file my_file_25.txt (compact mmCIF, C-alpha atoms (C1' of nucleotides))
# COMPACT_ATOMS: atom_id res chain seq x y z
CA MET A 1 -0.33 -18.70 22.55
CA LYS A 2 2.59 -18.21 20.18
CA HIS A 3 3.38 -21.90 20.59
CA THR A 4 -0.19 -22.91 19.83
CA VAL A 5 -0.21 -20.88 16.63
CA GLN A 6 3.07 -22.54 15.72
CA TYR A 7 1.54 -26.00 16.18
CA PHE A 8 -1.16 -25.17 13.68
CA LYS A 9 1.21 -23.51 11.21
CA ALA A 10 3.18 -26.71 11.21
CA LEU A 11 0.06 -28.67 10.25
CA ALA A 12 -1.01 -26.18 7.59
CA ASP A 13 0.83 -27.91 4.76
CA GLU A 14 -0.01 -31.02 2.78
CA THR A 15 3.44 -32.58 2.94
CA ARG A 16 3.71 -32.10 6.71
CA LEU A 17 0.27 -33.61 7.28
CA ARG A 18 1.33 -36.64 5.24
CA ILE A 19 4.50 -36.93 7.32
CA MET A 20 2.56 -36.68 10.58
CA ALA A 21 0.12 -39.34 9.40
CA LEU A 22 2.95 -41.73 8.55
CA LEU A 23 4.73 -41.16 11.86
CA LEU A 24 1.53 -41.52 13.87
CA THR A 25 0.75 -44.76 12.06
CA SER A 26 4.22 -46.30 12.00
CA GLY A 27 5.77 -44.97 15.17
CA GLU A 28 9.27 -44.33 13.93
CA LEU A 29 10.69 -43.73 10.44
CA CYS A 30 13.98 -42.59 8.96
CA VAL A 31 14.21 -39.85 6.36
CA CYS A 32 14.85 -42.25 3.49
CA ASP A 33 11.70 -44.22 4.28
CA LEU A 34 9.70 -41.00 4.27
CA THR A 35 11.33 -39.77 1.06
CA ALA A 36 10.57 -43.05 -0.71
CA THR A 37 7.02 -43.11 0.56
CA LEU A 38 6.16 -39.50 -0.16
CA GLN A 39 7.95 -39.57 -3.53
CA LEU A 40 9.37 -36.13 -3.00
CA PRO A 41 12.94 -34.71 -3.22
CA GLN A 42 15.02 -35.41 -0.16
CA SER A 43 15.66 -31.73 0.50
CA THR A 44 11.93 -31.09 0.58
CA VAL A 45 11.29 -33.86 3.08
CA SER A 46 14.18 -32.78 5.26
CA ARG A 47 13.05 -29.18 5.27
CA HIS A 48 9.55 -30.14 6.39
CA LEU A 49 10.90 -32.43 9.09
CA SER A 50 12.98 -29.53 10.33
CA TYR A 51 9.88 -27.35 10.47
CA LEU A 52 7.95 -29.99 12.42
CA LYS A 53 10.85 -30.37 14.82
CA ASN A 54 11.09 -26.64 15.49
CA ALA A 55 7.36 -26.53 16.11
CA GLY A 56 7.74 -29.30 18.68
CA TRP A 57 5.79 -31.96 16.83
CA VAL A 58 8.60 -34.48 16.32
CA ASN A 59 11.85 -35.66 17.83
CA ASP A 60 14.81 -37.16 16.04
CA ARG A 61 17.37 -39.76 17.02
CA ARG A 62 20.50 -40.71 15.16
CA GLU A 63 21.38 -44.36 14.70
CA GLY A 64 24.53 -44.66 12.65
CA VAL A 65 23.87 -43.07 9.31
CA TRP A 66 20.14 -42.89 9.74
CA ILE A 67 18.07 -40.35 11.59
CA TYR A 68 14.78 -41.62 12.94
CA TYR A 69 11.84 -39.35 13.60
CA THR A 70 8.97 -39.90 16.01
CA VAL A 71 6.01 -37.84 17.11
CA ALA A 72 6.96 -35.98 20.28
CA ALA A 73 5.04 -36.29 23.51
CA GLY A 74 3.32 -33.06 24.37
CA ASN A 75 1.00 -31.03 26.54
CA ASN A 76 -2.77 -31.44 26.55
CA MET A 77 -3.48 -29.42 23.44
CA LYS A 78 -0.84 -31.18 21.38
CA ARG A 79 -1.72 -34.65 22.59
CA HIS A 80 -5.37 -34.14 21.81
CA LEU A 81 -4.56 -32.81 18.36
CA ALA A 82 -2.31 -35.77 17.69
CA ASP A 83 -5.15 -38.09 18.69
CA VAL A 84 -7.48 -36.45 16.21
CA LEU A 85 -4.87 -36.62 13.46
CA LYS A 86 -4.09 -40.25 14.12
CA GLU A 87 -7.75 -41.15 13.95
CA ARG A 88 -8.86 -38.99 11.02
CA LEU A 89 -5.99 -38.47 8.60
CA PRO A 90 -6.02 -42.08 7.34
CA GLU A 91 -9.55 -41.44 6.09
CA LEU A 92 -8.05 -39.20 3.40
CA THR A 93 -7.25 -41.11 0.24
CA SER A 94 -3.80 -39.61 -0.30
CA VAL A 95 -2.83 -40.53 3.26
CA ALA A 96 -4.21 -44.02 2.86
CA ASP A 97 -2.15 -44.38 -0.32
CA ASP A 98 0.99 -43.31 1.53
CA ILE A 99 0.40 -45.87 4.24
CA LYS A 100 -0.01 -48.61 1.64
CA ARG A 101 3.09 -47.48 -0.21
CA LEU A 102 5.13 -47.53 2.98
CA ALA A 103 3.92 -51.03 3.81
CA SER A 104 4.91 -52.27 0.38
CA LEU A 105 8.55 -51.22 0.77
CA ALA A 106 10.77 -54.24 1.37
CA ASP A 107 11.33 -54.36 5.09
CA GLY A 108 15.05 -54.89 5.25
CA ALA A 109 16.01 -52.83 2.24
CA ARG A 110 13.94 -49.70 2.54
CA CYS A 111 16.88 -47.32 2.33
CA ALA A 112 18.69 -47.69 -0.96
CA MET B 1 -6.90 -33.37 1.49
CA LYS B 2 -6.85 -29.84 0.12
CA HIS B 3 -9.77 -29.04 2.41
CA THR B 4 -8.02 -30.49 5.43
CA VAL B 5 -4.95 -28.36 4.78
CA GLN B 6 -7.24 -25.36 4.45
CA TYR B 7 -8.78 -26.08 7.86
CA PHE B 8 -5.37 -25.95 9.47
CA LYS B 9 -4.23 -22.87 7.54
CA ALA B 10 -7.29 -21.11 8.89
CA LEU B 11 -6.25 -21.98 12.44
CA ALA B 12 -2.61 -21.00 11.90
CA ASP B 13 -3.07 -17.40 12.99
CA GLU B 14 -3.38 -15.87 16.44
CA THR B 15 -6.32 -13.60 15.62
CA ARG B 16 -8.31 -16.41 14.03
CA LEU B 17 -7.67 -18.71 16.99
CA ARG B 18 -8.95 -15.98 19.29
CA ILE B 19 -12.06 -15.59 17.14
CA MET B 20 -12.69 -19.34 17.12
CA ALA B 21 -12.31 -19.47 20.89
CA LEU B 22 -14.85 -16.67 21.36
CA LEU B 23 -17.36 -18.23 18.98
CA LEU B 24 -16.96 -21.68 20.51
CA THR B 25 -17.49 -20.22 23.96
CA SER B 26 -20.29 -17.78 23.20
CA GLY B 27 -22.16 -19.50 20.39
CA GLU B 28 -22.95 -16.49 18.24
CA LEU B 29 -21.39 -13.04 17.95
CA CYS B 30 -21.63 -10.08 15.59
CA VAL B 31 -18.60 -8.41 14.10
CA CYS B 32 -18.79 -5.39 16.38
CA ASP B 33 -18.72 -7.61 19.48
CA LEU B 34 -15.65 -9.35 18.14
CA THR B 35 -13.96 -6.10 17.18
CA ALA B 36 -14.56 -4.63 20.64
CA THR B 37 -13.37 -7.78 22.36
CA LEU B 38 -10.27 -8.36 20.27
CA GLN B 39 -9.38 -4.65 20.26
CA LEU B 40 -8.32 -4.78 16.63
CA PRO B 41 -9.28 -2.66 13.58
CA GLN B 42 -12.63 -3.64 12.07
CA SER B 43 -11.10 -4.36 8.67
CA THR B 44 -8.70 -6.82 10.27
CA VAL B 45 -11.46 -8.68 12.08
CA SER B 46 -13.64 -8.77 8.99
CA ARG B 47 -10.80 -10.09 6.86
CA HIS B 48 -10.11 -12.94 9.29
CA LEU B 49 -13.81 -13.81 9.51
CA SER B 50 -13.87 -13.97 5.75
CA TYR B 51 -10.90 -16.34 5.79
CA LEU B 52 -12.58 -18.58 8.37
CA LYS B 53 -15.77 -18.59 6.33
CA ASN B 54 -13.99 -19.60 3.13
CA ALA B 55 -12.24 -22.38 4.99
CA GLY B 56 -15.60 -23.68 6.18
CA TRP B 57 -15.10 -22.97 9.87
CA VAL B 58 -17.89 -20.44 10.37
CA ASN B 59 -21.29 -19.42 8.98
CA ASP B 60 -22.78 -15.97 8.94
CA ARG B 61 -26.34 -14.73 9.24
CA ARG B 62 -27.58 -11.23 8.70
CA GLU B 63 -30.01 -9.70 11.15
CA GLY B 64 -30.75 -6.14 10.17
CA VAL B 65 -27.51 -4.24 10.19
CA TRP B 66 -25.61 -6.88 12.09
CA ILE B 67 -23.99 -10.02 10.78
CA TYR B 68 -23.74 -12.84 13.28
CA TYR B 69 -21.11 -15.53 13.04
CA THR B 70 -21.27 -19.06 14.41
CA VAL B 71 -19.00 -22.08 14.21
CA ALA B 72 -20.18 -24.25 11.32
CA ALA B 73 -21.18 -27.87 11.74
CA GLY B 74 -18.73 -30.14 9.98
CA ASN B 75 -17.45 -33.58 9.14
CA ASN B 76 -15.67 -35.82 11.61
CA MET B 77 -12.26 -34.19 11.32
CA LYS B 78 -13.61 -30.68 11.76
CA ARG B 79 -15.96 -31.56 14.59
CA HIS B 80 -13.19 -33.29 16.52
CA LEU B 81 -10.84 -30.36 15.99
CA ALA B 82 -13.52 -27.96 17.18
CA ASP B 83 -13.97 -30.08 20.31
CA VAL B 84 -10.28 -29.86 21.07
CA LEU B 85 -10.24 -26.12 20.50
CA LYS B 86 -13.26 -25.54 22.67
CA GLU B 87 -11.72 -27.50 25.49
CA ARG B 88 -8.13 -26.30 25.29
CA LEU B 89 -8.00 -22.75 23.93
CA PRO B 90 -9.47 -21.19 27.10
CA GLU B 91 -6.42 -22.49 28.96
CA LEU B 92 -4.35 -19.88 27.15
CA THR B 93 -4.13 -16.63 29.07
CA SER B 94 -4.81 -14.35 26.10
CA VAL B 95 -7.94 -16.33 25.24
CA ALA B 96 -9.10 -16.28 28.84
CA ASP B 97 -8.62 -12.51 28.83
CA ASP B 98 -10.74 -12.19 25.69
CA ILE B 99 -13.55 -14.21 27.24
CA LYS B 100 -13.51 -11.98 30.32
CA ARG B 101 -13.46 -8.84 28.21
CA LEU B 102 -16.43 -10.03 26.17
CA ALA B 103 -18.39 -10.83 29.32
CA SER B 104 -17.72 -7.37 30.69
CA LEU B 105 -19.27 -5.61 27.70
CA ALA B 106 -22.70 -4.20 28.59
CA ASP B 107 -25.19 -6.74 27.34
CA GLY B 108 -27.67 -4.50 25.57
CA ALA B 109 -25.20 -1.95 24.24
CA ARG B 110 -22.31 -3.97 22.97
CA CYS B 111 -22.32 -2.40 19.51
CA ALA B 112 -21.65 1.31 19.67
C1' DT C 1 42.05 -41.27 3.72
C1' DT C 2 39.11 -42.00 0.30
C1' DG C 3 34.60 -43.14 -1.21
C1' DA C 4 29.81 -43.90 -0.48
C1' DC C 5 25.75 -43.01 1.65
C1' DA C 6 22.09 -40.43 4.71
C1' DC C 7 20.80 -36.22 5.85
C1' DA C 8 20.83 -30.95 6.46
C1' DT C 9 21.33 -26.45 4.74
C1' DT C 10 21.94 -22.74 1.34
C1' DC C 11 20.33 -20.25 -2.60
C1' DG C 12 17.30 -17.59 -5.72
C1' DT C 13 12.61 -17.30 -6.99
C1' DC C 14 7.75 -17.32 -6.51
C1' DT C 15 3.34 -17.22 -4.15
C1' DA C 16 0.48 -16.57 -0.11
C1' DT C 17 -0.77 -13.89 3.53
C1' DC C 18 -0.49 -10.17 6.94
C1' DC C 19 -1.55 -5.31 8.17
C1' DG C 20 -4.63 -1.21 8.59
C1' DG C 21 -6.29 3.17 6.47
C1' DA C 22 -9.41 4.37 2.99
C1' DT C 23 -13.31 3.38 0.49
C1' DA C 24 -17.47 0.76 -1.04
C1' DT C 25 -21.82 -1.58 0.15
C1' DA C 26 -25.93 -2.72 2.72
C1' DT C 27 -29.42 -1.59 5.97
C1' DT C 28 -32.25 1.30 8.87
C1' DC C 29 -34.24 5.58 10.48
C1' DT C 30 -36.04 10.20 9.82
C1' DA D 1 -33.61 11.37 -0.34
C1' DG D 2 -30.10 11.81 3.14
C1' DA D 3 -27.61 10.55 7.34
C1' DA D 4 -25.84 7.12 10.36
C1' DT D 5 -24.22 2.62 11.44
C1' DA D 6 -22.32 -2.19 10.51
C1' DT D 7 -19.71 -4.73 7.61
C1' DA D 8 -16.88 -5.91 3.45
C1' DT D 9 -13.43 -5.00 0.20
C1' DC D 10 -9.48 -2.55 -1.91
C1' DC D 11 -4.86 -1.01 -1.79
C1' DG D 12 0.29 -0.89 -1.31
C1' DG D 13 3.91 -2.55 1.28
C1' DA D 14 6.07 -6.05 4.18
C1' DT D 15 6.99 -10.82 5.67
C1' DA D 16 6.66 -15.87 5.67
C1' DG D 17 7.05 -19.90 3.53
C1' DA D 18 7.28 -23.28 -0.52
C1' DC D 19 10.17 -25.33 -4.07
C1' DG D 20 14.27 -28.16 -5.73
C1' DA D 21 19.05 -28.18 -7.44
C1' DA D 22 23.41 -27.70 -5.53
C1' DT D 23 26.35 -27.96 -1.83
C1' DG D 24 27.83 -28.93 3.03
C1' DT D 25 28.13 -32.22 7.05
C1' DG D 26 28.36 -36.49 9.55
C1' DT D 27 29.12 -41.50 9.65
C1' DC D 28 30.89 -45.79 8.32
C1' DA D 29 33.75 -49.16 5.84
C1' DA D 30 37.61 -50.52 3.18
call {"tool": "encode", "arguments": {"input": "my_file_25.txt", "output": "structure tokens"}}
result
Amino acid sequence: MKHTVQYFKALADETRLRIMALLLTSGELCVCDLTATLQLPQSTVSRHLSYLKNAGWVNDRREGVWIYYTVAAGNNMKRHLADVLKERLPELTSVADDIKRLASLADGARCA
Amino acid sequence: MKHTVQYFKALADETRLRIMALLLTSGELCVCDLTATLQLPQSTVSRHLSYLKNAGWVNDRREGVWIYYTVAAGNNMKRHLADVLKERLPELTSVADDIKRLASLADGARCA
DNA sequence: TTGACACATTCGTCTATCCGGATATATTCT
DNA sequence: AGAATATATCCGGATAGACGAATGTGTCAA
């Protein structure tokens, strides 16, 4: 039960919902891509990623200087929630804007 | 988006998840049924019901002295989330215990 | 080894929310 | 009106979490 509450706490924040939407849509993103897309300070993005990781929503993987985040596989409850998020979050205008903004970043040169 | 965040904030608490599970399972319950089932102070239960109502998760209906709460109908996002909750929350032991405890209350004399 | 870059963490501050006893309100019955 | 019951709200105190600038850490290349 504690874990379940933690899942929802992790989703109870606008920035973290935007991050989840981007990861669910794009599969895998590094912190600089997320920072550029969300247009927020890097420390803010990193802090929220840390929260999502502790809650079990995402995994990270280092590749050289970059750290890539993905949505973690999970139990029934989490998988079903992720399905709902993936389907419904893009209906929100701010999420749709994020997805467009991410797509418009130059592919090779996303990270300054 | 603000509303969506509010939906999740409302679910980011153990007591409120337990309440949602009971309402999703039983359809309609008055505050005294919930208080007896959850074994929490009445003011605590009432406060959480108020939070759920403000977030748009539940509706209330007065019938004499009692106030009955039900899960509110909602948009796509909310309906899908409610479906997941209804299906998955009873898998948690504390929720299953609540459901049993509610069932064991004498039908006619639930409210002291 | 020095510099540059990506990322994480620390820090002080501020706001939201939790708790539960006490109290207020609404309704019904006599 | 007055008492009893169900529910809501108030209160003070405690904790969690958000923010962003500054600083720390890890990696690579020259």
call {"tool": "atom_distance", "arguments": {"input": "my_file_25.txt", "atom1": "CA of Ala10 in chain A", "atom2": "CA of Ala55 in chain A"}}
result
6.4 Å
call {"tool": "residues_around", "arguments": {"input": "my_file_25.txt", "residues": "Arg88 in chain B", "least_positions_apart": "5", "cutoff": "12 Å", "atoms": "only C-alpha atoms (C1' of nucleotides)", "output": "PyMOL selection string"}}
result
(chain A and resi 1+4+75-81) or (chain B and resi 17-18+20-21+24-25+81-83+93+95-96)
call {"tool": "write_last_selection", "arguments": {"input": "my_file_25.txt", "atoms": "C-alpha atoms", "output": "PDB file, keeping the file's coordinate frame"}}
result
ATOM      1  CA  MET A   1      -0.330 -18.700  22.550  1.00  0.00           C
ATOM      2  CA  THR A   4      -0.190 -22.910  19.830  1.00  0.00           C
ATOM      3  CA  ASN A  75       1.000 -31.030  26.540  1.00  0.00           C
ATOM      4  CA  ASN A  76      -2.770 -31.440  26.550  1.00  0.00           C
ATOM      5  CA  MET A  77      -3.480 -29.420  23.440  1.00  0.00           C
ATOM      6  CA  LYS A  78      -0.840 -31.180  21.380  1.00  0.00           C
ATOM      7  CA  ARG A  79      -1.720 -34.650  22.590  1.00  0.00           C
ATOM      8  CA  HIS A  80      -5.370 -34.140  21.810  1.00  0.00           C
ATOM      9  CA  LEU A  81      -4.560 -32.810  18.360  1.00  0.00           C
TER      10      LEU A  81
ATOM     11  CA  LEU B  17      -7.670 -18.710  16.990  1.00  0.00           C
ATOM     12  CA  ARG B  18      -8.950 -15.980  19.290  1.00  0.00           C
ATOM     13  CA  MET B  20     -12.690 -19.340  17.120  1.00  0.00           C
ATOM     14  CA  ALA B  21     -12.310 -19.470  20.890  1.00  0.00           C
ATOM     15  CA  LEU B  24     -16.960 -21.680  20.510  1.00  0.00           C
ATOM     16  CA  THR B  25     -17.490 -20.220  23.960  1.00  0.00           C
ATOM     17  CA  LEU B  81     -10.840 -30.360  15.990  1.00  0.00           C
ATOM     18  CA  ALA B  82     -13.520 -27.960  17.180  1.00  0.00           C
ATOM     19  CA  ASP B  83     -13.970 -30.080  20.310  1.00  0.00           C
ATOM     20  CA  THR B  93      -4.130 -16.630  29.070  1.00  0.00           C
ATOM     21  CA  VAL B  95      -7.940 -16.330  25.240  1.00  0.00           C
ATOM     22  CA  ALA B  96      -9.100 -16.280  28.840  1.00  0.00           C
TER      23      ALA B  96
END
call {"tool": "residues_around", "arguments": {"input": "my_file_25.txt", "residues": "DC28 in chain D", "least_positions_apart": "6", "cutoff": "12 Å", "atoms": "all atoms listed in the file", "output": "list in words"}}
result
Glu63, Gly64, Val65 and Trp66 of chain A; DG3, DA4, DC5 and DA6 of chain C
call {"tool": "residues_around", "arguments": {"input": "my_file_25.txt", "residues": "range 12-29 of chain C", "least_positions_apart": "4", "cutoff": "10 Å", "atoms": "all atoms listed in the file", "output": "number ranges by chain"}}
result
B: 13, 40-44, 63-66; D: 3-11, 13-19
call {"tool": "residues_around", "arguments": {"input": "my_file_25.txt", "residues": "Leu38 in chain B", "least_positions_apart": "2", "cutoff": "9 Å", "atoms": "only C-alpha atoms (C1' of nucleotides)", "output": "PDB file with C-alpha atoms, in the frame of the given file"}}
result
ATOM      1  CA  THR B  15      -6.320 -13.600  15.620  1.00  0.00           C
ATOM      2  CA  ARG B  18      -8.950 -15.980  19.290  1.00  0.00           C
ATOM      3  CA  ILE B  19     -12.060 -15.590  17.140  1.00  0.00           C
ATOM      4  CA  ASP B  33     -18.720  -7.610  19.480  1.00  0.00           C
ATOM      5  CA  LEU B  34     -15.650  -9.350  18.140  1.00  0.00           C
ATOM      6  CA  THR B  35     -13.960  -6.100  17.180  1.00  0.00           C
ATOM      7  CA  ALA B  36     -14.560  -4.630  20.640  1.00  0.00           C
ATOM      8  CA  LEU B  40      -8.320  -4.780  16.630  1.00  0.00           C
ATOM      9  CA  PRO B  41      -9.280  -2.660  13.580  1.00  0.00           C
ATOM     10  CA  VAL B  45     -11.460  -8.680  12.080  1.00  0.00           C
ATOM     11  CA  ASP B  98     -10.740 -12.190  25.690  1.00  0.00           C
ATOM     12  CA  ARG B 101     -13.460  -8.840  28.210  1.00  0.00           C
ATOM     13  CA  LEU B 102     -16.430 -10.030  26.170  1.00  0.00           C
TER      14      LEU B 102
END
call {"tool": "atom_distance", "arguments": {"input": "my_file_25.txt", "atom1": "CA of Gln39 in chain B", "atom2": "CA of Ala12 in chain A"}}
result
26.3 Å
call {"tool": "atom_distance", "arguments": {"input": "my_file_25.txt", "atom1": "C1' of DG12 in chain D", "atom2": "CA of His48 in chain B"}}
result
19.1 Å
call {"tool": "calpha_fit_and_write", "arguments": {"input": "my_file_25.txt", "fixed": "chain A", "moving": "chain B", "output": "PDB file with C-alpha atoms, in the frame of the given file"}}
result
ATOM      1  CA  MET B   1      -0.298 -18.693  22.534  1.00  0.00           C
ATOM      2  CA  LYS B   2       2.619 -18.206  20.169  1.00  0.00           C
ATOM      3  CA  HIS B   3       3.401 -21.899  20.566  1.00  0.00           C
ATOM      4  CA  THR B   4      -0.167 -22.908  19.834  1.00  0.00           C
ATOM      5  CA  VAL B   5      -0.170 -20.886  16.626  1.00  0.00           C
ATOM      6  CA  GLN B   6       3.109 -22.546  15.708  1.00  0.00           C
ATOM      7  CA  TYR B   7       1.566 -25.998  16.176  1.00  0.00           C
ATOM      8  CA  PHE B   8      -1.137 -25.170  13.678  1.00  0.00           C
ATOM      9  CA  LYS B   9       1.227 -23.505  11.198  1.00  0.00           C
ATOM     10  CA  ALA B  10       3.210 -26.723  11.200  1.00  0.00           C
ATOM     11  CA  LEU B  11       0.084 -28.675  10.275  1.00  0.00           C
ATOM     12  CA  ALA B  12      -0.999 -26.192   7.598  1.00  0.00           C
ATOM     13  CA  ASP B  13       0.837 -27.927   4.774  1.00  0.00           C
ATOM     14  CA  GLU B  14      -0.022 -31.038   2.793  1.00  0.00           C
ATOM     15  CA  THR B  15       3.445 -32.594   2.948  1.00  0.00           C
ATOM     16  CA  ARG B  16       3.718 -32.111   6.700  1.00  0.00           C
ATOM     17  CA  LEU B  17       0.271 -33.611   7.272  1.00  0.00           C
ATOM     18  CA  ARG B  18       1.333 -36.634   5.244  1.00  0.00           C
ATOM     19  CA  ILE B  19       4.499 -36.950   7.323  1.00  0.00           C
ATOM     20  CA  MET B  20       2.557 -36.683  10.581  1.00  0.00           C
ATOM     21  CA  ALA B  21       0.120 -39.336   9.398  1.00  0.00           C
ATOM     22  CA  LEU B  22       2.957 -41.732   8.551  1.00  0.00           C
ATOM     23  CA  LEU B  23       4.731 -41.171  11.858  1.00  0.00           C
ATOM     24  CA  LEU B  24       1.526 -41.520  13.859  1.00  0.00           C
ATOM     25  CA  THR B  25       0.743 -44.754  12.058  1.00  0.00           C
ATOM     26  CA  SER B  26       4.204 -46.300  11.985  1.00  0.00           C
ATOM     27  CA  GLY B  27       5.775 -44.988  15.173  1.00  0.00           C
ATOM     28  CA  GLU B  28       9.278 -44.325  13.908  1.00  0.00           C
ATOM     29  CA  LEU B  29      10.704 -43.731  10.440  1.00  0.00           C
ATOM     30  CA  CYS B  30      13.995 -42.561   8.960  1.00  0.00           C
ATOM     31  CA  VAL B  31      14.211 -39.837   6.367  1.00  0.00           C
ATOM     32  CA  CYS B  32      14.866 -42.225   3.500  1.00  0.00           C
ATOM     33  CA  ASP B  33      11.699 -44.196   4.296  1.00  0.00           C
ATOM     34  CA  LEU B  34       9.717 -40.983   4.269  1.00  0.00           C
ATOM     35  CA  THR B  35      11.332 -39.758   1.070  1.00  0.00           C
ATOM     36  CA  ALA B  36      10.588 -43.045  -0.702  1.00  0.00           C
ATOM     37  CA  THR B  37       7.026 -43.106   0.565  1.00  0.00           C
ATOM     38  CA  LEU B  38       6.166 -39.494  -0.162  1.00  0.00           C
ATOM     39  CA  GLN B  39       7.959 -39.571  -3.529  1.00  0.00           C
ATOM     40  CA  LEU B  40       9.369 -36.099  -3.005  1.00  0.00           C
ATOM     41  CA  PRO B  41      12.932 -34.695  -3.231  1.00  0.00           C
ATOM     42  CA  GLN B  42      15.025 -35.419  -0.139  1.00  0.00           C
ATOM     43  CA  SER B  43      15.686 -31.736   0.507  1.00  0.00           C
ATOM     44  CA  THR B  44      11.953 -31.080   0.586  1.00  0.00           C
ATOM     45  CA  VAL B  45      11.291 -33.853   3.081  1.00  0.00           C
ATOM     46  CA  SER B  46      14.190 -32.792   5.266  1.00  0.00           C
ATOM     47  CA  ARG B  47      13.042 -29.183   5.270  1.00  0.00           C
ATOM     48  CA  HIS B  48       9.532 -30.149   6.389  1.00  0.00           C
ATOM     49  CA  LEU B  49      10.898 -32.441   9.105  1.00  0.00           C
ATOM     50  CA  SER B  50      12.976 -29.551  10.327  1.00  0.00           C
ATOM     51  CA  TYR B  51       9.876 -27.357  10.453  1.00  0.00           C
ATOM     52  CA  LEU B  52       7.951 -29.997  12.408  1.00  0.00           C
ATOM     53  CA  LYS B  53      10.853 -30.378  14.810  1.00  0.00           C
ATOM     54  CA  ASN B  54      11.085 -26.647  15.481  1.00  0.00           C
ATOM     55  CA  ALA B  55       7.363 -26.536  16.104  1.00  0.00           C
ATOM     56  CA  GLY B  56       7.726 -29.294  18.684  1.00  0.00           C
ATOM     57  CA  TRP B  57       5.784 -31.954  16.807  1.00  0.00           C
ATOM     58  CA  VAL B  58       8.576 -34.480  16.302  1.00  0.00           C
ATOM     59  CA  ASN B  59      11.854 -35.667  17.845  1.00  0.00           C
ATOM     60  CA  ASP B  60      14.806 -37.137  16.042  1.00  0.00           C
ATOM     61  CA  ARG B  61      17.342 -39.763  17.028  1.00  0.00           C
ATOM     62  CA  ARG B  62      20.474 -40.702  15.186  1.00  0.00           C
ATOM     63  CA  GLU B  63      21.344 -44.342  14.696  1.00  0.00           C
ATOM     64  CA  GLY B  64      24.490 -44.645  12.648  1.00  0.00           C
ATOM     65  CA  VAL B  65      23.870 -42.995   9.331  1.00  0.00           C
ATOM     66  CA  TRP B  66      20.129 -42.847   9.748  1.00  0.00           C
ATOM     67  CA  ILE B  67      18.066 -40.309  11.619  1.00  0.00           C
ATOM     68  CA  TYR B  68      14.775 -41.605  12.945  1.00  0.00           C
ATOM     69  CA  TYR B  69      11.824 -39.349  13.591  1.00  0.00           C
ATOM     70  CA  THR B  70       8.967 -39.904  16.019  1.00  0.00           C
ATOM     71  CA  VAL B  71       5.989 -37.844  17.113  1.00  0.00           C
ATOM     72  CA  ALA B  72       6.952 -35.971  20.277  1.00  0.00           C
ATOM     73  CA  ALA B  73       5.041 -36.293  23.522  1.00  0.00           C
ATOM     74  CA  GLY B  74       3.313 -33.047  24.376  1.00  0.00           C
ATOM     75  CA  ASN B  75       0.983 -31.029  26.539  1.00  0.00           C
ATOM     76  CA  ASN B  76      -2.772 -31.462  26.555  1.00  0.00           C
ATOM     77  CA  MET B  77      -3.473 -29.423  23.437  1.00  0.00           C
ATOM     78  CA  LYS B  78      -0.834 -31.187  21.373  1.00  0.00           C
ATOM     79  CA  ARG B  79      -1.701 -34.662  22.590  1.00  0.00           C
ATOM     80  CA  HIS B  80      -5.378 -34.157  21.801  1.00  0.00           C
ATOM     81  CA  LEU B  81      -4.565 -32.805  18.351  1.00  0.00           C
ATOM     82  CA  ALA B  82      -2.307 -35.774  17.689  1.00  0.00           C
ATOM     83  CA  ASP B  83      -5.144 -38.104  18.695  1.00  0.00           C
ATOM     84  CA  VAL B  84      -7.461 -36.464  16.209  1.00  0.00           C
ATOM     85  CA  LEU B  85      -4.866 -36.635  13.461  1.00  0.00           C
ATOM     86  CA  LYS B  86      -4.096 -40.260  14.119  1.00  0.00           C
ATOM     87  CA  GLU B  87      -7.747 -41.157  13.957  1.00  0.00           C
ATOM     88  CA  ARG B  88      -8.862 -39.005  11.043  1.00  0.00           C
ATOM     89  CA  LEU B  89      -5.982 -38.479   8.614  1.00  0.00           C
ATOM     90  CA  PRO B  90      -6.029 -42.091   7.350  1.00  0.00           C
ATOM     91  CA  GLU B  91      -9.555 -41.434   6.090  1.00  0.00           C
ATOM     92  CA  LEU B  92      -8.056 -39.211   3.409  1.00  0.00           C
ATOM     93  CA  THR B  93      -7.279 -41.109   0.232  1.00  0.00           C
ATOM     94  CA  SER B  94      -3.816 -39.623  -0.299  1.00  0.00           C
ATOM     95  CA  VAL B  95      -2.827 -40.544   3.255  1.00  0.00           C
ATOM     96  CA  ALA B  96      -4.214 -44.040   2.858  1.00  0.00           C
ATOM     97  CA  ASP B  97      -2.160 -44.379  -0.322  1.00  0.00           C
ATOM     98  CA  ASP B  98       0.986 -43.312   1.527  1.00  0.00           C
ATOM     99  CA  ILE B  99       0.401 -45.888   4.248  1.00  0.00           C
ATOM    100  CA  LYS B 100      -0.010 -48.618   1.633  1.00  0.00           C
ATOM    101  CA  ARG B 101       3.090 -47.493  -0.222  1.00  0.00           C
ATOM    102  CA  LEU B 102       5.149 -47.539   2.965  1.00  0.00           C
ATOM    103  CA  ALA B 103       3.935 -51.035   3.808  1.00  0.00           C
ATOM    104  CA  SER B 104       4.908 -52.269   0.368  1.00  0.00           C
ATOM    105  CA  LEU B 105       8.539 -51.213   0.739  1.00  0.00           C
ATOM    106  CA  ALA B 106      10.772 -54.243   1.353  1.00  0.00           C
ATOM    107  CA  ASP B 107      11.291 -54.374   5.085  1.00  0.00           C
ATOM    108  CA  GLY B 108      15.029 -54.911   5.270  1.00  0.00           C
ATOM    109  CA  ALA B 109      15.999 -52.804   2.272  1.00  0.00           C
ATOM    110  CA  ARG B 110      13.904 -49.708   2.544  1.00  0.00           C
ATOM    111  CA  CYS B 111      16.845 -47.312   2.317  1.00  0.00           C
ATOM    112  CA  ALA B 112      18.661 -47.655  -0.973  1.00  0.00           C
TER     113      ALA B 112
END
call {"tool": "residues_around", "arguments": {"input": "my_file_25.txt", "residues": "Ser26 in chain B", "least_positions_apart": "4", "cutoff": "9 Å", "atoms": "all atoms listed in the file", "output": "list in words"}}
result
Ala21, Leu22, Thr70 and Ile99 of chain B
